[in-house]
Amino acid sequence: MLPREHYLKQAFQGHNNLKKPEALTSAQARLLKKHGALITALLNDEVLNPTLADMRTVRIITQKSAPTNPVEQAWLKYEALLAEQKPKRRFKRSA
């Protein structure tokens, strides 16, 4: 576990792996780059000193609730784009 300040200094690059990065606005891409490492660490319960706002963000993201700020909105859009990229499993029917 590391302090939240550590994660705020880390640039998040996950959004660069999107098949459709243009689906994010430039502002959303900037917010993900700035806050994505912290959000990832929060979701993995790796932050030593999360704030109340951090915990609210985690709750919004995990419950897929309506975002209350642009960072949450960007993260939820990022997650939706990731979900679209995952290949759909196709099951064969046995004869």
# chains A, B, ... in the order shown; residues from 1 in each chain; ligands from 1
call {"tool": "residues_around", "arguments": {"residues": "segment 3-12 of chain A", "least_positions_apart": "6", "cutoff": "9 Å", "atoms": "only C-alpha atoms", "output": "mmCIF file with N, CA and C atoms, in the first residue's frame"}}
result
data_model
loop_
_atom_site.group_PDB
_atom_site.id
_atom_site.type_symbol
_atom_site.label_atom_id
_atom_site.label_comp_id
_atom_site.auth_asym_id
_atom_site.auth_seq_id
_atom_site.Cartn_x
_atom_site.Cartn_y
_atom_site.Cartn_z
ATOM 1 N N LEU A 32 -8.266 10.808 -17.463
ATOM 2 C CA LEU A 32 -7.847 9.418 -17.235
ATOM 3 C C LEU A 32 -6.346 9.331 -17.008
ATOM 4 N N LYS A 33 -5.585 10.073 -17.801
ATOM 5 C CA LYS A 33 -4.132 10.061 -17.640
ATOM 6 C C LYS A 33 -3.736 10.557 -16.253
ATOM 7 N N LYS A 34 -4.422 11.584 -15.772
ATOM 8 C CA LYS A 34 -4.092 12.183 -14.480
ATOM 9 C C LYS A 34 -4.596 11.348 -13.301
ATOM 10 N N HIS A 35 -5.798 10.785 -13.394
ATOM 11 C CA HIS A 35 -6.430 10.135 -12.242
ATOM 12 C C HIS A 35 -6.552 8.613 -12.370
ATOM 13 N N GLY A 36 -6.244 8.074 -13.528
ATOM 14 C CA GLY A 36 -6.450 6.646 -13.763
ATOM 15 C C GLY A 36 -5.642 5.733 -12.862
ATOM 16 N N ALA A 37 -4.397 6.072 -12.588
ATOM 17 C CA ALA A 37 -3.571 5.233 -11.709
ATOM 18 C C ALA A 37 -4.146 5.213 -10.297
ATOM 19 N N LEU A 38 -4.617 6.364 -9.818
ATOM 20 C CA LEU A 38 -5.233 6.428 -8.492
ATOM 21 C C LEU A 38 -6.519 5.604 -8.463
ATOM 22 N N ILE A 39 -7.357 5.746 -9.477
ATOM 23 C CA ILE A 39 -8.611 4.995 -9.498
ATOM 24 C C ILE A 39 -8.336 3.495 -9.535
ATOM 25 N N ALA A 41 -5.723 1.932 -8.381
ATOM 26 C CA ALA A 41 -5.242 1.553 -7.045
ATOM 27 C C ALA A 41 -6.380 1.532 -6.028
ATOM 28 N N LEU A 42 -7.286 2.492 -6.121
ATOM 29 C CA LEU A 42 -8.440 2.512 -5.211
ATOM 30 C C LEU A 42 -9.306 1.272 -5.417
ATOM 31 N N GLU A 46 -5.474 -0.552 -2.778
ATOM 32 C CA GLU A 46 -4.033 -0.404 -2.597
ATOM 33 C C GLU A 46 -3.630 0.974 -2.082
ATOM 34 N N VAL A 47 -4.582 1.829 -1.761
ATOM 35 C CA VAL A 47 -4.270 3.194 -1.342
ATOM 36 C C VAL A 47 -4.293 3.270 0.179
ATOM 37 N N LEU A 48 -3.207 3.759 0.727
ATOM 38 C CA LEU A 48 -3.034 3.841 2.170
ATOM 39 C C LEU A 48 -4.003 4.831 2.826
ATOM 40 N N ASN A 49 -4.207 5.966 2.191
ATOM 41 C CA ASN A 49 -4.978 7.035 2.814
ATOM 42 C C ASN A 49 -6.038 7.626 1.872
ATOM 43 N N PRO A 50 -7.028 6.815 1.459
ATOM 44 C CA PRO A 50 -8.048 7.367 0.561
ATOM 45 C C PRO A 50 -8.896 8.423 1.259
ATOM 46 N N THR A 51 -9.311 9.408 0.501
ATOM 47 C CA THR A 51 -10.176 10.460 1.041
ATOM 48 C C THR A 51 -11.636 10.015 0.930
#
call {"tool": "select_by_dssp", "arguments": {"residues": "chain A", "states": "helix (DSSP H, G or I)", "output": "ChimeraX atom specification"}}
result
/A:4-8,14-17,21-23,26-43,52-62,70-85
call {"tool": "residues_around", "arguments": {"residues": "segment 80-82 of chain A", "least_positions_apart": "4", "cutoff": "10 Å", "atoms": "only C-alpha atoms", "output": "short mmCIF file (atom, residue, chain, number, x, y, z; two decimals) with N, CA and C atoms, in the first residue's frame"}}
result
data_model
loop_
_atom_site.label_atom_id
_atom_site.label_comp_id
_atom_site.auth_asym_id
_atom_site.auth_seq_id
_atom_site.Cartn_x
_atom_site.Cartn_y
_atom_site.Cartn_z
N GLY A 14 -3.60 3.39 -19.66
CA GLY A 14 -4.55 2.36 -20.07
C GLY A 14 -5.44 2.76 -21.23
N HIS A 15 -5.81 4.03 -21.27
CA HIS A 15 -6.71 4.48 -22.34
C HIS A 15 -6.04 4.42 -23.72
N ASN A 17 -4.70 1.87 -24.91
CA ASN A 17 -4.91 0.52 -25.43
C ASN A 17 -6.31 0.32 -26.00
N LEU A 18 -7.10 1.36 -25.99
CA LEU A 18 -8.46 1.25 -26.52
C LEU A 18 -8.41 1.13 -28.04
N LYS A 19 -9.30 0.30 -28.57
CA LYS A 19 -9.38 0.18 -30.03
C LYS A 19 -9.96 1.45 -30.65
N LYS A 20 -10.80 2.16 -29.88
CA LYS A 20 -11.39 3.41 -30.37
C LYS A 20 -11.06 4.54 -29.40
N PRO A 21 -9.79 4.94 -29.30
CA PRO A 21 -9.45 6.01 -28.35
C PRO A 21 -10.14 7.33 -28.70
N ALA A 23 -13.10 7.75 -29.16
CA ALA A 23 -14.40 7.80 -28.50
C ALA A 23 -14.35 8.65 -27.23
N LEU A 24 -13.15 8.83 -26.70
CA LEU A 24 -12.96 9.71 -25.54
C LEU A 24 -12.67 11.12 -26.02
N ALA A 74 -15.56 10.06 -17.04
CA ALA A 74 -14.51 9.58 -17.95
C ALA A 74 -14.19 8.11 -17.66
N TRP A 75 -14.09 7.75 -16.38
CA TRP A 75 -13.74 6.37 -16.02
C TRP A 75 -14.85 5.40 -16.45
N LEU A 76 -16.10 5.77 -16.21
CA LEU A 76 -17.20 4.89 -16.61
C LEU A 76 -17.26 4.73 -18.13
N LYS A 86 -13.98 -6.46 -25.59
CA LYS A 86 -13.83 -7.86 -25.24
C LYS A 86 -14.56 -8.71 -26.26
#
call {"tool": "atom_distance", "arguments": {"atom1": "atom CA of Pro87 of chain A", "atom2": "atom CA of Ile60 of chain A"}}
result
25.9 Å
